[in-house]
$ cat protein.txt   # compact mmCIF, C-alpha atoms
# COMPACT_ATOMS: atom_id res chain seq x y z
CA MET U 1 245.34 -3.26 -124.80
CA ILE U 2 242.97 -1.81 -122.24
CA TRP U 3 243.50 -0.30 -118.80
CA GLU U 4 241.48 -0.95 -115.63
CA GLN U 5 242.66 2.25 -113.90
CA SER U 6 243.81 4.48 -116.73
CA LEU U 7 243.98 7.56 -114.46
CA PHE U 8 247.26 6.22 -113.04
CA LEU U 9 248.85 6.74 -116.47
CA TRP U 10 248.88 10.47 -115.79
CA PHE U 11 251.62 9.77 -113.25
CA LEU U 12 253.91 8.78 -116.13
CA ALA U 13 254.53 12.50 -116.43
CA LEU U 14 256.72 12.06 -113.35
CA ILE U 15 259.28 10.13 -115.44
CA PRO U 16 260.51 13.03 -117.60
CA ALA U 17 260.23 15.24 -114.53
CA GLY U 18 262.47 12.78 -112.68
CA ILE U 19 264.99 12.74 -115.53
CA ALA U 20 265.09 16.53 -115.55
CA LEU U 21 265.50 16.61 -111.76
CA ALA U 22 268.33 14.05 -111.84
CA TRP U 23 270.14 15.99 -114.56
CA TRP U 24 269.74 19.24 -112.61
CA ARG U 25 270.96 17.71 -109.35
CA SER U 26 273.98 16.15 -111.05
CA ASN U 27 274.98 19.43 -112.67
CA ARG U 28 274.28 21.34 -109.48
CA ALA U 29 276.41 18.97 -107.36
CA ARG U 30 279.24 19.11 -109.87
CA SER U 31 279.16 22.91 -109.96
CA LEU U 32 279.25 23.20 -106.15
CA LYS U 33 282.12 20.73 -105.83
CA GLU U 34 284.12 22.53 -108.51
CA GLN U 35 283.58 25.79 -106.67
CA TYR U 36 284.68 24.23 -103.36
CA PHE U 37 287.66 22.18 -104.54
CA GLY U 38 288.52 24.02 -107.70
CA LYS U 39 288.24 22.48 -111.15
CA GLU U 40 291.72 20.93 -111.27
CA LEU U 41 291.53 19.33 -107.80
CA PHE U 42 287.99 18.09 -108.35
CA SER U 43 288.99 16.56 -111.69
CA ALA U 44 291.88 14.80 -110.03
CA LEU U 45 289.66 13.45 -107.27
CA ARG U 46 287.13 12.16 -109.79
CA ASN U 47 289.77 10.29 -111.74
CA GLY U 48 290.20 7.96 -108.79
CA TYR U 49 286.57 6.80 -108.79
CA TRP U 50 284.14 5.16 -111.17
CA SER U 51 280.94 7.26 -111.16
CA LEU U 52 278.85 5.42 -113.76
CA GLY U 53 277.07 3.58 -110.93
CA ASN U 54 275.31 6.76 -109.87
CA SER U 55 273.81 7.16 -113.35
CA LEU U 56 272.76 3.50 -113.44
CA LYS U 57 271.04 3.86 -110.07
CA THR U 58 269.00 6.73 -111.51
CA VAL U 59 268.10 4.72 -114.62
CA PHE U 60 266.87 1.73 -112.57
CA ILE U 61 264.94 3.91 -110.11
CA LEU U 62 263.12 5.71 -112.93
CA SER U 63 262.50 2.39 -114.74
CA GLY U 64 261.09 0.93 -111.53
CA LEU U 65 258.82 3.95 -111.18
CA PHE U 66 257.66 3.49 -114.79
CA PHE U 67 256.77 -0.19 -114.36
CA LEU U 68 255.09 0.52 -111.01
CA ILE U 69 252.80 3.14 -112.53
CA VAL U 70 251.95 0.86 -115.47
CA SER U 71 251.19 -1.97 -113.04
CA LEU U 72 248.86 0.24 -110.99
CA ALA U 73 247.02 1.21 -114.18
CA GLY U 74 246.08 -2.46 -114.64
CA PRO U 75 247.12 -3.31 -118.21
CA LYS U 76 245.20 -6.07 -119.99
CA ILE U 77 246.75 -7.54 -123.10
CA GLY U 78 245.73 -10.45 -125.29
CA THR U 79 242.65 -12.58 -124.86
CA GLU U 80 241.54 -15.41 -122.65
CA VAL U 81 238.83 -17.59 -124.20
CA ARG U 82 236.30 -19.40 -122.06
CA GLU U 83 233.12 -21.26 -122.86
CA VAL U 84 229.76 -20.28 -121.40
CA LYS U 85 226.63 -22.33 -121.77
CA ARG U 86 223.28 -20.54 -121.77
CA GLN U 87 219.86 -21.83 -120.79
CA GLY U 88 216.66 -20.08 -121.75
CA ILE U 89 213.84 -19.85 -124.28
CA ASP U 90 213.66 -18.68 -127.88
CA MET U 91 211.37 -15.67 -128.21
CA LEU U 92 210.33 -13.24 -130.90
CA VAL U 93 208.59 -9.98 -130.07
CA ALA U 94 206.35 -8.72 -132.89
CA LEU U 95 205.70 -5.00 -132.46
CA ASP U 96 202.80 -3.34 -134.27
CA LEU U 97 203.93 -0.09 -135.97
CA SER U 98 200.62 0.85 -137.54
CA ALA U 99 199.46 4.48 -137.36
CA SER U 100 196.95 3.67 -134.59
CA MET U 101 199.88 2.91 -132.28
CA ASN U 102 200.45 6.68 -132.11
CA ALA U 103 197.19 7.07 -130.17
CA GLU U 104 197.65 8.53 -126.70
CA ASP U 105 194.99 6.76 -124.65
CA VAL U 106 197.97 5.32 -122.72
CA ARG U 107 200.81 7.73 -122.04
CA PRO U 108 202.93 8.87 -123.68
CA SER U 109 201.51 6.86 -126.61
CA ARG U 110 200.66 3.25 -127.34
CA LEU U 111 203.93 2.73 -129.19
CA GLU U 112 206.15 4.38 -126.57
CA LYS U 113 204.40 2.48 -123.78
CA ALA U 114 204.88 -0.78 -125.69
CA LYS U 115 208.60 -0.04 -126.17
CA PHE U 116 208.92 0.75 -122.46
CA GLU U 117 207.38 -2.61 -121.56
CA ILE U 118 209.66 -4.44 -124.01
CA ASN U 119 212.65 -2.81 -122.33
CA ARG U 120 211.36 -4.11 -119.01
CA LEU U 121 211.19 -7.53 -120.58
CA ILE U 122 214.79 -7.28 -121.83
CA GLU U 123 215.96 -6.34 -118.32
CA ARG U 124 214.56 -9.62 -117.00
CA LEU U 125 216.24 -11.82 -119.61
CA LYS U 126 218.84 -14.31 -118.40
CA GLY U 127 220.17 -16.40 -121.24
CA ASP U 128 217.07 -16.24 -123.45
CA ARG U 129 217.49 -15.60 -127.17
CA VAL U 130 215.21 -12.80 -128.26
CA GLY U 131 214.52 -11.14 -131.60
CA LEU U 132 212.32 -8.30 -132.83
CA ILE U 133 209.78 -8.19 -135.66
CA VAL U 134 208.13 -4.94 -136.71
CA PHE U 135 204.95 -5.12 -138.74
CA THR U 136 202.01 -3.29 -140.25
CA GLY U 137 200.68 -4.56 -143.57
CA GLU U 138 204.15 -6.03 -144.05
CA ALA U 139 206.54 -7.52 -141.52
CA TYR U 140 210.32 -7.30 -141.16
CA LEU U 141 212.75 -9.11 -138.92
CA GLN U 142 214.31 -6.05 -137.30
CA SER U 143 216.65 -8.13 -135.13
CA PRO U 144 217.29 -11.89 -135.37
CA MET U 145 217.14 -13.83 -132.11
CA THR U 146 220.22 -12.94 -130.12
CA LEU U 147 221.82 -12.95 -126.68
CA ASP U 148 223.18 -9.45 -127.34
CA TYR U 149 220.55 -7.46 -125.48
CA SER U 150 222.34 -4.14 -126.05
CA ALA U 151 221.99 -4.57 -129.82
CA LEU U 152 218.35 -5.54 -129.37
CA ARG U 153 217.70 -2.30 -127.48
CA LEU U 154 219.25 -0.30 -130.31
CA PHE U 155 216.89 -1.90 -132.84
CA LEU U 156 213.96 -1.26 -130.51
CA ASP U 157 214.87 2.40 -130.03
CA ILE U 158 214.70 3.15 -133.76
CA ALA U 159 211.36 1.38 -134.28
CA ASP U 160 208.82 3.99 -135.38
CA THR U 161 205.54 4.15 -137.27
CA ASP U 162 207.15 6.33 -139.95
CA GLN U 163 209.53 3.56 -141.04
CA MET U 164 206.78 1.29 -142.39
CA PRO U 165 205.32 1.58 -145.92
CA SER U 166 201.79 0.71 -144.78
CA SER U 167 199.74 2.15 -141.91
CA ALA U 168 197.33 -0.81 -141.59
CA THR U 169 197.84 -3.94 -139.46
CA ASP U 170 198.14 -7.48 -140.80
CA PHE U 171 198.79 -10.20 -138.21
CA LYS U 172 199.34 -12.77 -140.94
CA SER U 173 202.54 -11.10 -142.10
CA ALA U 174 203.92 -11.02 -138.54
CA MET U 175 203.12 -14.70 -138.01
CA GLU U 176 204.71 -15.79 -141.30
CA THR U 177 207.87 -13.80 -140.60
CA GLY U 178 208.02 -15.26 -137.10
CA LEU U 179 207.70 -18.81 -138.43
CA GLU U 180 210.53 -18.25 -140.92
CA ALA U 181 212.77 -16.88 -138.15
CA PHE U 182 212.14 -19.88 -135.89
CA GLN U 183 212.73 -22.32 -138.73
CA ALA U 184 216.06 -20.65 -139.50
CA LEU U 185 217.37 -21.33 -135.97
CA ASP U 186 220.09 -23.89 -135.35
CA GLU U 187 219.12 -27.23 -133.89
CA ASN U 188 221.23 -26.89 -130.75
CA ALA U 189 218.36 -25.82 -128.51
CA THR U 190 215.53 -28.13 -129.51
CA GLU U 191 214.24 -28.36 -125.93
CA ALA U 192 213.80 -24.61 -125.53
CA ALA U 193 210.28 -23.25 -125.54
CA LYS U 194 209.53 -21.15 -128.62
CA VAL U 195 207.37 -18.09 -128.07
CA LEU U 196 205.98 -15.37 -130.32
CA LEU U 197 204.78 -12.33 -128.37
CA ILE U 198 202.55 -10.02 -130.44
CA ILE U 199 202.19 -6.49 -129.08
CA SER U 200 199.39 -4.56 -130.78
CA ASP U 201 196.14 -2.67 -130.30
CA GLY U 202 194.41 -5.56 -132.06
CA GLU U 203 193.05 -3.71 -135.08
CA ASP U 204 193.54 -6.16 -137.96
CA HIS U 205 192.95 -4.88 -141.49
CA GLY U 206 194.83 -7.63 -143.32
CA GLN U 207 194.17 -11.09 -144.65
CA SER U 208 192.95 -14.02 -142.61
CA TYR U 209 195.69 -15.22 -140.28
CA GLU U 210 194.19 -18.61 -139.40
CA GLU U 211 196.47 -20.68 -141.63
CA ALA U 212 199.59 -18.83 -140.52
CA LEU U 213 198.58 -19.29 -136.89
CA ASN U 214 198.02 -23.03 -137.38
CA ASN U 215 201.47 -23.34 -138.94
CA LEU U 216 202.98 -21.79 -135.81
CA VAL U 217 201.08 -24.20 -133.57
CA ASN U 218 202.18 -27.18 -135.68
CA GLU U 219 205.80 -26.12 -135.18
CA GLY U 220 205.32 -26.07 -131.41
CA ILE U 221 205.43 -22.27 -131.19
CA SER U 222 203.21 -20.65 -128.54
CA VAL U 223 201.73 -17.26 -129.34
CA TYR U 224 201.13 -14.74 -126.56
CA THR U 225 199.45 -11.40 -127.15
CA LEU U 226 199.80 -8.10 -125.35
CA GLY U 227 197.13 -5.51 -126.00
CA VAL U 228 198.01 -1.85 -125.73
CA GLY U 229 195.40 0.91 -125.59
CA THR U 230 191.94 1.29 -124.09
CA THR U 231 188.53 -0.04 -125.13
CA GLU U 232 187.03 3.47 -124.86
CA GLY U 233 189.05 4.55 -127.87
CA THR U 234 190.63 7.83 -128.91
CA THR U 235 191.82 9.82 -131.90
CA ILE U 236 195.21 9.50 -133.61
CA PRO U 237 197.22 12.74 -133.33
CA LEU U 238 199.39 14.05 -136.15
CA TYR U 239 202.51 16.04 -135.34
CA GLU U 240 204.77 18.28 -137.38
CA GLU U 241 207.69 16.15 -138.57
CA GLY U 242 210.63 16.47 -136.21
CA SER U 243 208.71 18.41 -133.56
CA ASP U 244 206.03 18.05 -130.86
CA GLU U 245 203.69 20.54 -132.54
CA LEU U 246 200.20 19.06 -132.98
CA ILE U 247 198.88 19.77 -136.48
CA GLY U 248 195.66 17.75 -136.42
CA TYR U 249 194.21 14.25 -136.22
CA LYS U 250 194.19 11.36 -138.64
CA ARG U 251 191.14 11.34 -140.95
CA ASP U 252 189.62 8.75 -143.27
CA ASN U 253 189.03 9.15 -147.01
CA GLU U 254 185.79 11.02 -146.35
CA GLY U 255 187.46 13.55 -144.07
CA ARG U 256 186.11 12.17 -140.80
CA VAL U 257 188.38 11.97 -137.75
CA VAL U 258 189.47 8.39 -137.19
CA THR U 259 189.04 6.80 -133.77
CA THR U 260 190.86 3.71 -132.60
CA LYS U 261 190.08 1.22 -129.83
CA LEU U 262 191.86 -1.71 -128.25
CA GLN U 263 190.39 -4.82 -129.90
CA THR U 264 190.78 -7.39 -127.15
CA GLN U 265 188.67 -10.07 -128.87
CA THR U 266 191.11 -10.52 -131.76
CA LEU U 267 194.12 -10.71 -129.48
CA ARG U 268 192.43 -13.12 -127.08
CA SER U 269 191.43 -15.37 -129.96
CA ILE U 270 194.99 -15.53 -131.30
CA ALA U 271 196.42 -16.45 -127.89
CA ASN U 272 193.74 -19.05 -127.14
CA GLN U 273 194.27 -20.85 -130.44
CA ALA U 274 198.05 -21.01 -130.01
CA GLU U 275 198.37 -22.25 -126.42
CA GLY U 276 199.31 -18.80 -125.21
CA GLU U 277 197.71 -16.15 -123.03
CA TYR U 278 196.44 -12.62 -123.50
CA TYR U 279 197.70 -9.69 -121.42
CA SER U 280 196.99 -5.99 -121.71
CA ILE U 281 198.65 -2.64 -121.18
CA GLU U 282 195.88 -0.36 -119.99
CA ARG U 283 195.62 2.42 -117.46
CA GLY U 284 196.06 1.07 -113.94
CA ASN U 285 197.23 -2.48 -114.74
CA ASP U 286 200.64 -4.11 -114.45
CA GLY U 287 201.45 -4.19 -118.15
CA ILE U 288 203.78 -6.97 -119.12
CA ASP U 289 204.25 -8.36 -115.59
CA GLY U 290 201.86 -11.23 -116.22
CA PHE U 291 203.88 -12.41 -119.18
CA LEU U 292 207.14 -12.01 -117.24
CA ALA U 293 205.81 -14.32 -114.55
CA ARG U 294 204.71 -16.84 -117.18
CA MET U 295 208.20 -16.88 -118.72
CA ASP U 296 209.64 -18.46 -115.59
CA ASP U 297 207.47 -21.54 -116.12
CA LEU U 298 208.46 -22.11 -119.74
CA GLU U 299 210.79 -24.96 -120.60
CA LYS U 300 214.40 -23.92 -120.94
CA GLY U 301 216.86 -25.29 -123.46
CA GLU U 302 220.65 -25.21 -123.56
CA PHE U 303 221.96 -23.13 -126.42
CA ALA U 304 225.18 -23.70 -128.31
CA SER U 305 228.26 -22.75 -126.31
CA GLN U 306 229.21 -19.12 -126.65
CA GLU U 307 232.84 -18.04 -126.60
CA TYR U 308 233.69 -14.88 -124.74
CA ALA U 309 237.12 -13.31 -125.05
CA ASP U 310 238.40 -11.58 -121.93
CA TYR U 311 241.57 -9.52 -121.76
CA LYS U 312 244.28 -11.09 -119.58
CA ASN U 313 245.68 -9.09 -116.65
CA GLN U 314 249.35 -8.21 -117.03
CA TYR U 315 249.83 -6.03 -113.94
CA GLN U 316 251.75 -8.77 -112.07
CA TRP U 317 254.51 -8.78 -114.71
CA MET U 318 254.84 -5.02 -114.57
CA GLY U 319 254.88 -5.11 -110.78
CA SER U 320 257.65 -7.75 -110.81
CA LEU U 321 259.76 -5.65 -113.19
CA ALA U 322 259.25 -2.61 -110.96
CA LEU U 323 260.45 -4.55 -107.90
CA LEU U 324 263.45 -5.94 -109.78
CA CYS U 325 264.54 -2.49 -110.97
CA LEU U 326 264.28 -1.01 -107.48
CA VAL U 327 266.25 -3.88 -105.91
CA VAL U 328 269.01 -3.53 -108.53
CA SER U 329 269.16 0.23 -107.91
CA VAL U 330 269.83 -0.45 -104.22
CA LEU U 331 272.62 -2.94 -104.99
CA ILE U 332 274.50 -0.68 -107.39
CA PRO U 333 277.10 1.49 -105.56
CA SER U 334 277.16 5.15 -106.41
CA TYR U 335 280.99 5.32 -106.63
CA THR U 336 283.72 2.70 -106.60
CA SER U 337 287.47 3.10 -106.51
CA LYS U 338 289.39 2.56 -109.72
CA LYS U 339 292.10 -0.03 -109.59
CA ASP U 340 295.46 0.88 -111.01
$ encode --input "protein.txt" --output "structure tokens"
Amino acid sequence: MIWEQSLFLWFLALIPAGIALAWWRSNRARSLKEQYFGKELFSALRNGYWSLGNSLKTVFILSGLFFLIVSLAGPKIGTEVREVKRQGIDMLVALDLSASMNAEDVRPSRLEKAKFEINRLIERLKGDRVGLIVFTGEAYLQSPMTLDYSALRLFLDIADTDQMPSSATDFKSAMETGLEAFQALDENATEAAKVLLIISDGEDHGQSYEEALNNLVNEGISVYTLGVGTTEGTTIPLYEEGSDELIGYKRDNEGRVVTTKLQTQTLRSIANQAEGEYYSIERGNDGIDGFLARMDDLEKGEFASQEYADYKNQYQWMGSLALLCLVVSVLIPSYTSKKD
């Protein structure tokens, strides 16, 4: 059970207060009458009347008050199942978590800027199934394609360069993982466009991805790329674990400070070969807006019906009981004469 206006439940404290007040008033009235008439005379007078009605009136009034308060609180009990059909595209976002994504040539860092843009993408979704792949030298399906965008945000929030075993980038692994995820989908949305969006700085240190890319194209999957960083390049800062204290910069095996640049050529080539487009997140541009506009033109498919369970409102029943109790309390006489 849930409540729409649970604050009204605090008024239930009036019920015991009402019981206490009714008990006090009854005892008070009896005491005053005994003082006025005397105990013997008052007892004799009472014997001629049936006084249970007065107590019943109180019971029904307090019961009516109880049901009225519960009704105002808006109780919802049980479930009401309805079917909702969704139309949209199937999309996987592959996020590069290599060490170079910690570079700060775009603020606050390449990775944080990429996550910000993905959140903007999620905000625009309307019925599209979206999943998340994280990759470096290896790739993992962090979140299968889903309509639960809140869960997707949770998986995105925990994505970090420290969670990956390798610090280098291999596009082949991301493409192969993406292909497996698309092939595992149900067949209820065959008309939906299938899109793999790769977000990276373009530095590829892995194996050749040509075969994996061709396999995506053969399956009708378009690959879009989003470059993050600048072509001028910068260093990769290292911070004390768990703090913002800068302790140095990433160095190669010979002790030289490593610099990293946005490699647009690689990302453009991937998109061109897979019927997609290349976009970039650099200083002064619109980030992912170009891709968001392109999404509107992609072919939508109808996904399998989703069942949503809603709680059923019960306030009308409680309100009816409240009205019934109050009407009965009015009809009950306080005292009636006893018949000999």
$ atom_distance --input "protein.txt" --atom1 "CA of Thr235 in chain U" --atom2 "CA of Gly248 in chain U"
9.9 Å
$ residues_near_point --input "protein.txt" --point "(193.9, 4.1, -124.8)" --cutoff "12 Å" --atoms "all atoms listed in the file" --output "JSON, numbers by chain"
{"U": [100, 101, 102, 103, 104, 105, 106, 107, 108, 109, 110, 111, 113, 200, 201, 227, 228, 229, 230, 231, 232, 233, 234, 235, 236, 259, 260, 261, 262, 263, 280, 281, 282, 283, 284]}
$ atom_distance --input "protein.txt" --atom1 "CA of Ser71 in chain U" --atom2 "CA of Trp24 in chain U"
28.2 Å
$ closest_atom_pairs --input "protein.txt" --of "range 196-296 of chain U" --to "range 161-176 of chain U" --cutoff "8 Å" --atoms "all atoms listed in the file" --output "CSV"
residue,atom,partner,partner_atom,distance
U:Glu203,CA,U:Thr169,CA,6.5
U:Asp204,CA,U:Thr169,CA,5.1
U:His205,CA,U:Thr169,CA,5.4
U:Gly206,CA,U:Asp170,CA,4.2
U:Gln207,CA,U:Lys172,CA,6.6
U:Ser208,CA,U:Lys172,CA,6.7
U:Tyr209,CA,U:Lys172,CA,4.4
U:Glu210,CA,U:Lys172,CA,7.9
U:Ala212,CA,U:Met175,CA,6.0
U:Leu213,CA,U:Met175,CA,6.6
U:Leu216,CA,U:Met175,CA,7.4
$ closest_residue --input "protein.txt" --among "U:Phe60, U:Trp317, U:Phe67, U:Tyr224" --to "Leu292 in chain U" --atoms "all atoms listed in the file"
U:Tyr224
$ atom_distance --input "protein.txt" --atom1 "CA of Asp157 in chain U" --atom2 "CA of Leu246 in chain U"
22.4 Å
$ residues_around --input "protein.txt" --residues "Lys126 in chain U" --least-positions-apart "2" --cutoff "8 Å" --atoms "all atoms listed in the file" --output "MDAnalysis selection string"
chainID U and resid 87:88 124 128
$ residues_around --input "protein.txt" --residues "Leu156 in chain U" --least-positions-apart "2" --cutoff "9 Å" --atoms "all atoms listed in the file" --output "short mmCIF file (atom, residue, chain, number, x, y, z; two decimals) with C-alpha atoms, in the frame of the given file"
data_model
loop_
_atom_site.label_atom_id
_atom_site.label_comp_id
_atom_site.auth_asym_id
_atom_site.auth_seq_id
_atom_site.Cartn_x
_atom_site.Cartn_y
_atom_site.Cartn_z
CA LYS U 115 208.60 -0.04 -126.17
CA ILE U 118 209.66 -4.44 -124.01
CA ASN U 119 212.65 -2.81 -122.33
CA LEU U 132 212.32 -8.30 -132.83
CA GLN U 142 214.31 -6.05 -137.30
CA SER U 143 216.65 -8.13 -135.13
CA ALA U 151 221.99 -4.57 -129.82
CA LEU U 152 218.35 -5.54 -129.37
CA ARG U 153 217.70 -2.30 -127.48
CA LEU U 154 219.25 -0.30 -130.31
CA ILE U 158 214.70 3.15 -133.76
CA ALA U 159 211.36 1.38 -134.28
CA ASP U 160 208.82 3.99 -135.38
#
$ residues_around --input "protein.txt" --residues "Ala181 in chain U" --least-positions-apart "6" --cutoff "9 Å" --atoms "all atoms listed in the file" --output "PyMOL selection string"
chain U and resi 92+131+141+144-145
$ decode --input "protein.txt" --residues "range 114-154 of chain U" --atoms "C-alpha atoms" --output "tab-separated table (two decimals), in the first residue's frame"
chain	number	residue	atom	x	y	z
U	114	ALA	CA	31.69	12.49	-21.99
U	115	LYS	CA	29.49	11.28	-19.11
U	116	PHE	CA	27.78	14.68	-19.00
U	117	GLU	CA	26.98	14.46	-22.71
U	118	ILE	CA	25.66	10.90	-22.32
U	119	ASN	CA	23.33	12.13	-19.58
U	120	ARG	CA	22.08	14.78	-21.98
U	121	LEU	CA	21.44	12.01	-24.47
U	122	ILE	CA	19.48	9.98	-21.89
U	123	GLU	CA	17.31	13.02	-21.11
U	124	ARG	CA	16.22	13.14	-24.76
U	125	LEU	CA	15.26	9.47	-24.99
U	126	LYS	CA	11.61	8.64	-25.61
U	127	GLY	CA	11.08	4.92	-25.92
U	128	ASP	CA	14.55	4.04	-27.23
U	129	ARG	CA	16.36	1.03	-25.79
U	130	VAL	CA	19.86	2.00	-24.75
U	131	GLY	CA	22.76	0.08	-23.24
U	132	LEU	CA	26.28	0.93	-22.10
U	133	ILE	CA	29.62	-0.66	-23.00
U	134	VAL	CA	32.83	0.35	-21.24
U	135	PHE	CA	36.11	-0.50	-22.90
U	136	THR	CA	39.88	-0.10	-22.94
U	137	GLY	CA	41.93	-3.08	-24.11
U	138	GLU	CA	38.92	-5.17	-23.10
U	139	ALA	CA	35.22	-4.38	-23.31
U	140	TYR	CA	32.33	-5.11	-20.96
U	141	LEU	CA	28.60	-4.72	-21.34
U	142	GLN	CA	28.02	-2.49	-18.33
U	143	SER	CA	24.26	-2.26	-18.96
U	144	PRO	CA	22.22	-4.28	-21.48
U	145	MET	CA	19.85	-2.30	-23.68
U	146	THR	CA	16.97	-1.14	-21.53
U	147	LEU	CA	14.09	1.29	-21.22
U	148	ASP	CA	14.97	1.83	-17.56
U	149	TYR	CA	16.91	5.06	-17.92
U	150	SER	CA	17.35	5.48	-14.15
U	151	ALA	CA	19.27	2.20	-13.99
U	152	LEU	CA	21.33	3.25	-17.00
U	153	ARG	CA	22.34	6.46	-15.21
U	154	LEU	CA	23.48	4.45	-12.20
